[in-house]
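Visitor: So that we are looking at the same thing, I have put the structure below in structure tokens.
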Amino acid sequence: MDLNKIYFEDCLETMNRMPDNFLDCIVTSPPYFNAAKKYQRGTGVHYVKDVGEPMYTMLDVFELSLTKLKDNGFFCINLGYSYGETGVMRPFHVMDRAQRLGLFVVDVIIWKKRNPIPLQRRLTNSFEYIFVLSKHPNNKYPSSDRIGYKHNFIETSVKSGKGHSAVYPIEVPRFCIDVFSNENDLIYDPFMGSGTTALACAEMNRNYIGSDIASQYVDMANNRIEEYKLKSQSKLF
């Protein structure tokens with residue numbers, strides 16, 4: 001399997017081709033669940049745990065990560081929540097399913113947004129979670145000997161991207177990659193989108209592999225990485 005490449009395909013196809021114990025770290029921000037869609041029949045308010053195809057894809061990714069991640073590897077997943085369809089607890093339901101499959105939740109990072117979308121009649125939702133999973137509960141953090149005293153908190157602004165509705169800020173994957181991997185490690189993003197994780201890897205001397213089912217996002221991600229490489233080369237002359 002080629003490194004430093006984004007594959008235009010379903011992430012499950014990419015992961016199934018990987019050898020076992022292949023990945024050092026997974027860093028991803030999966031598509032938001034469609035909170036406006038009612039996933040159960042009938043009327044009234046439903047307390048929704050399983051939320052259609054996005055949940056089932058995540059369960060498959062979690063299960064495959066048990067063999068594709070190295071024993072000392074980590075899985076960082078960014079999950080937000082919504083008030084629709086009783087979705088406030090949804091990130092924890094996703095984590096509950098991951099734990100049932102055999103992964104351990106070893107840390108939680110809070111991403112505080114400086115510019116959240118303001119809400120009326122509800123508290124403005126100004127943060128998201130990054131859950132850190134591993135195959136073993138006592139795995140040593142790769143950064144433990146070099147980063148010193150570091151909080152589990154990121155504060156940055158929400159980014160807007162041309163052609164992509166949900167570009168997460170590069171500070172999020174940078175933080176995760178810094179803490180949970182070393183230089184030259186292999187990072188995988190199963191929902192690569194506009195390529196933010198890959199761009200952070202390029203900046204931080206990590207190898208990457210990504211997957212996305214939208215060809216326009218694969219093109220966008222590759223263009224961002226090429227632009228970064230050109231800028232980096234121009235600084236050398």
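By order in the structure tokens, chains are A, B, ...; within a chain, residues start at 1; ligands start at 1, following the order shown.
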Listing only residues of range 95-181 of chain A within 8 Å of range 194-198 of chain A, what is the closest atom pair and its distance in Å (to one decimal) for each, using only C-alpha atoms, sorted by chain and residue number ascending, as CSV?

Guide:
```
residue,atom,partner,partner_atom,distance
A:His164,CA,A:Ser194,CA,6.8
A:Val167,CA,A:Ser194,CA,6.8
A:Tyr168,CA,A:Thr196,CA,7.2
A:Pro169,CA,A:Thr196,CA,7.4
A:Ile170,CA,A:Thr196,CA,5.8
A:Pro173,CA,A:Thr197,CA,5.6
A:Arg174,CA,A:Thr197,CA,7.8
```

Visitor: Would you list the contacts of Glu183 in chain A as a count of residues only, taking every protein, DNA or RNA residue within 8 Å and counting only C-alpha atoms, but skipping same-chain residues closer than 5 positions in sequence?

Guide: 3

Visitor: Just the residues within 10 Å of Asp2 in chain A, please, counting only C-alpha atoms, with nothing from its chain fewer than 3 positions along; format it as a tab-separated table (two decimals) with N, CA and C atoms, in the first residue's frame.

Guide:
```
chain	number	residue	atom	x	y	z
A	5	LYS	N	-0.72	9.02	0.44
A	5	LYS	CA	-1.69	8.98	-0.65
A	5	LYS	C	-3.10	8.99	-0.07
A	6	ILE	N	-4.00	9.66	-0.77
A	6	ILE	CA	-5.42	9.69	-0.39
A	6	ILE	C	-6.18	8.86	-1.41
A	7	TYR	N	-6.85	7.84	-0.94
A	7	TYR	CA	-7.55	6.90	-1.82
A	7	TYR	C	-9.00	7.33	-2.01
A	208	TYR	N	1.23	9.60	5.91
A	208	TYR	CA	-0.23	9.54	6.04
A	208	TYR	C	-0.82	8.65	4.95
A	209	ILE	N	-2.01	8.17	5.24
A	209	ILE	CA	-2.90	7.54	4.27
A	209	ILE	C	-4.29	8.07	4.57
```

Visitor: Would you mind reading off the distance between CA of Leu23 in chain A and CA of Asn139 in chain A, one decimal, in Å?

Guide: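 Separating CA of Leu23 in chain A from CA of Asn139 in chain A is a distance of 14.9 Å.
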
Visitor: Hey, which of A:Asp178, A:Asp60, A:Glu128, A:Asp96 ends up closest to Ile110 in chain A? Count only C-alpha atoms.

Guide: A:Glu128

Visitor: Using only C-alpha atoms for the distances, tell me which of A:Ile130, A:Val108, A:Leu3, A:Met95 is nearest to Ala202 in chain A.

Guide: A:Leu3

Visitor: What is the distance between CA of Asn4 in chain A and CA of Asp20 in chain A, in Å to one decimal?

Guide: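 About the pair CA of Asn4 in chain A and CA of Asp20 in chain A: they are 18.3 Å apart.
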
Visitor: Nearest to Pro30 in chain A among A:Gln216, A:Thr124, A:Ser211, A:Asn16, with distances taken over only C-alpha atoms: which residue is it?

Guide: A:Ser211

Visitor: Within 9 Å of Lys140 in chain A, counting only C-alpha atoms, which residues show up once you throw out same-chain ones fewer than 3 positions away? Write them as a list in words, please.

Guide: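 Surrounding residues, per the criterion: Asn72, Ser143 and Ser144 of chain A.
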
Visitor: For those residues, write C-alpha atoms to a file as a PDB file, in the first residue's frame.

Guide:
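In the end it all went to result_38.pdb:
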```
ATOM      1  CA  ASN A  72       0.843   0.690  21.057  1.00  0.00           C
ATOM      2  CA  SER A 143       5.059  12.302  23.521  1.00  0.00           C
ATOM      3  CA  SER A 144       5.348  11.552  27.238  1.00  0.00           C
TER       4      SER A 144
END
```

Visitor: Identify all residues of range 60-223 of chain A in strand (DSSP E or B) (DSSP on the backbone) and supply them as a PyMOL selection string.

Guide: chain A and resi 69-79+104-113+127-134+153-156+161+164+186-189+207-212

Visitor: Can you list, as a ChimeraX atom specification, all residues belonging to range 99-229 of chain A that DSSP tags as helix (DSSP H, G or I)?

Guide: /A:99-101,171-180,196-203,215-229

Visitor: Export, as a PDB file, in the first residue's frame, the selected residues with C-alpha atoms.

Guide:
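Everything below was put into result-v7.pdb:
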```
ATOM      1  CA  GLN A  99     -15.751  -0.011  24.108  1.00  0.00           C
ATOM      2  CA  ARG A 100     -18.070  -2.961  23.539  1.00  0.00           C
ATOM      3  CA  LEU A 101     -15.949  -3.908  20.524  1.00  0.00           C
ATOM      4  CA  GLU A 171      -4.835  22.844  15.175  1.00  0.00           C
ATOM      5  CA  VAL A 172      -6.971  19.801  16.068  1.00  0.00           C
ATOM      6  CA  PRO A 173      -5.023  17.155  14.102  1.00  0.00           C
ATOM      7  CA  ARG A 174      -1.747  18.927  14.931  1.00  0.00           C
ATOM      8  CA  PHE A 175      -2.455  18.525  18.643  1.00  0.00           C
ATOM      9  CA  CYS A 176      -3.369  14.850  18.295  1.00  0.00           C
ATOM     10  CA  ILE A 177      -0.454  14.037  15.999  1.00  0.00           C
ATOM     11  CA  ASP A 178       1.985  15.787  18.321  1.00  0.00           C
ATOM     12  CA  VAL A 179       0.819  13.959  21.446  1.00  0.00           C
ATOM     13  CA  PHE A 180      -0.017  10.515  20.065  1.00  0.00           C
ATOM     14  CA  THR A 196      -6.558  18.687   6.966  1.00  0.00           C
ATOM     15  CA  THR A 197      -5.102  15.617   8.689  1.00  0.00           C
ATOM     16  CA  ALA A 198      -2.798  14.918   5.732  1.00  0.00           C
ATOM     17  CA  LEU A 199      -1.657  18.542   5.667  1.00  0.00           C
ATOM     18  CA  ALA A 200      -0.817  18.398   9.376  1.00  0.00           C
ATOM     19  CA  CYS A 201       1.167  15.195   8.741  1.00  0.00           C
ATOM     20  CA  ALA A 202       3.125  16.870   5.939  1.00  0.00           C
ATOM     21  CA  GLU A 203       3.961  19.786   8.244  1.00  0.00           C
ATOM     22  CA  SER A 215     -13.683  12.718  -5.648  1.00  0.00           C
ATOM     23  CA  GLN A 216     -13.898  16.515  -5.285  1.00  0.00           C
ATOM     24  CA  TYR A 217     -12.606  16.252  -1.698  1.00  0.00           C
ATOM     25  CA  VAL A 218      -9.728  14.000  -2.755  1.00  0.00           C
ATOM     26  CA  ASP A 219      -8.769  16.574  -5.396  1.00  0.00           C
ATOM     27  CA  MET A 220      -9.113  19.402  -2.878  1.00  0.00           C
ATOM     28  CA  ALA A 221      -6.928  17.588  -0.351  1.00  0.00           C
ATOM     29  CA  ASN A 222      -4.217  16.812  -2.900  1.00  0.00           C
ATOM     30  CA  ASN A 223      -4.215  20.432  -4.074  1.00  0.00           C
ATOM     31  CA  ARG A 224      -3.784  21.704  -0.506  1.00  0.00           C
ATOM     32  CA  ILE A 225      -0.833  19.381   0.068  1.00  0.00           C
ATOM     33  CA  GLU A 226       0.812  20.363  -3.232  1.00  0.00           C
ATOM     34  CA  GLU A 227       0.406  24.041  -2.379  1.00  0.00           C
ATOM     35  CA  TYR A 228       2.069  23.421   0.981  1.00  0.00           C
ATOM     36  CA  LYS A 229       4.988  21.582  -0.669  1.00  0.00           C
TER      37      LYS A 229
END
```

Visitor: Out of A:Ser82, A:Pro118, A:Pro91, A:Glu63, which residue has the shortest atom-to-atom distance to Leu103 in chain A when counting only C-alpha atoms?

Guide: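 When distances to Leu103 in chain A are compared using only C-alpha atoms, the smallest one comes from A:Glu63.
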
Visitor: Rounded to one decimal in Å, what is the spacing between CA of Asn207 in chain A and CA of Val94 in chain A?

Guide: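 These atoms are spaced 27.6 Å apart.
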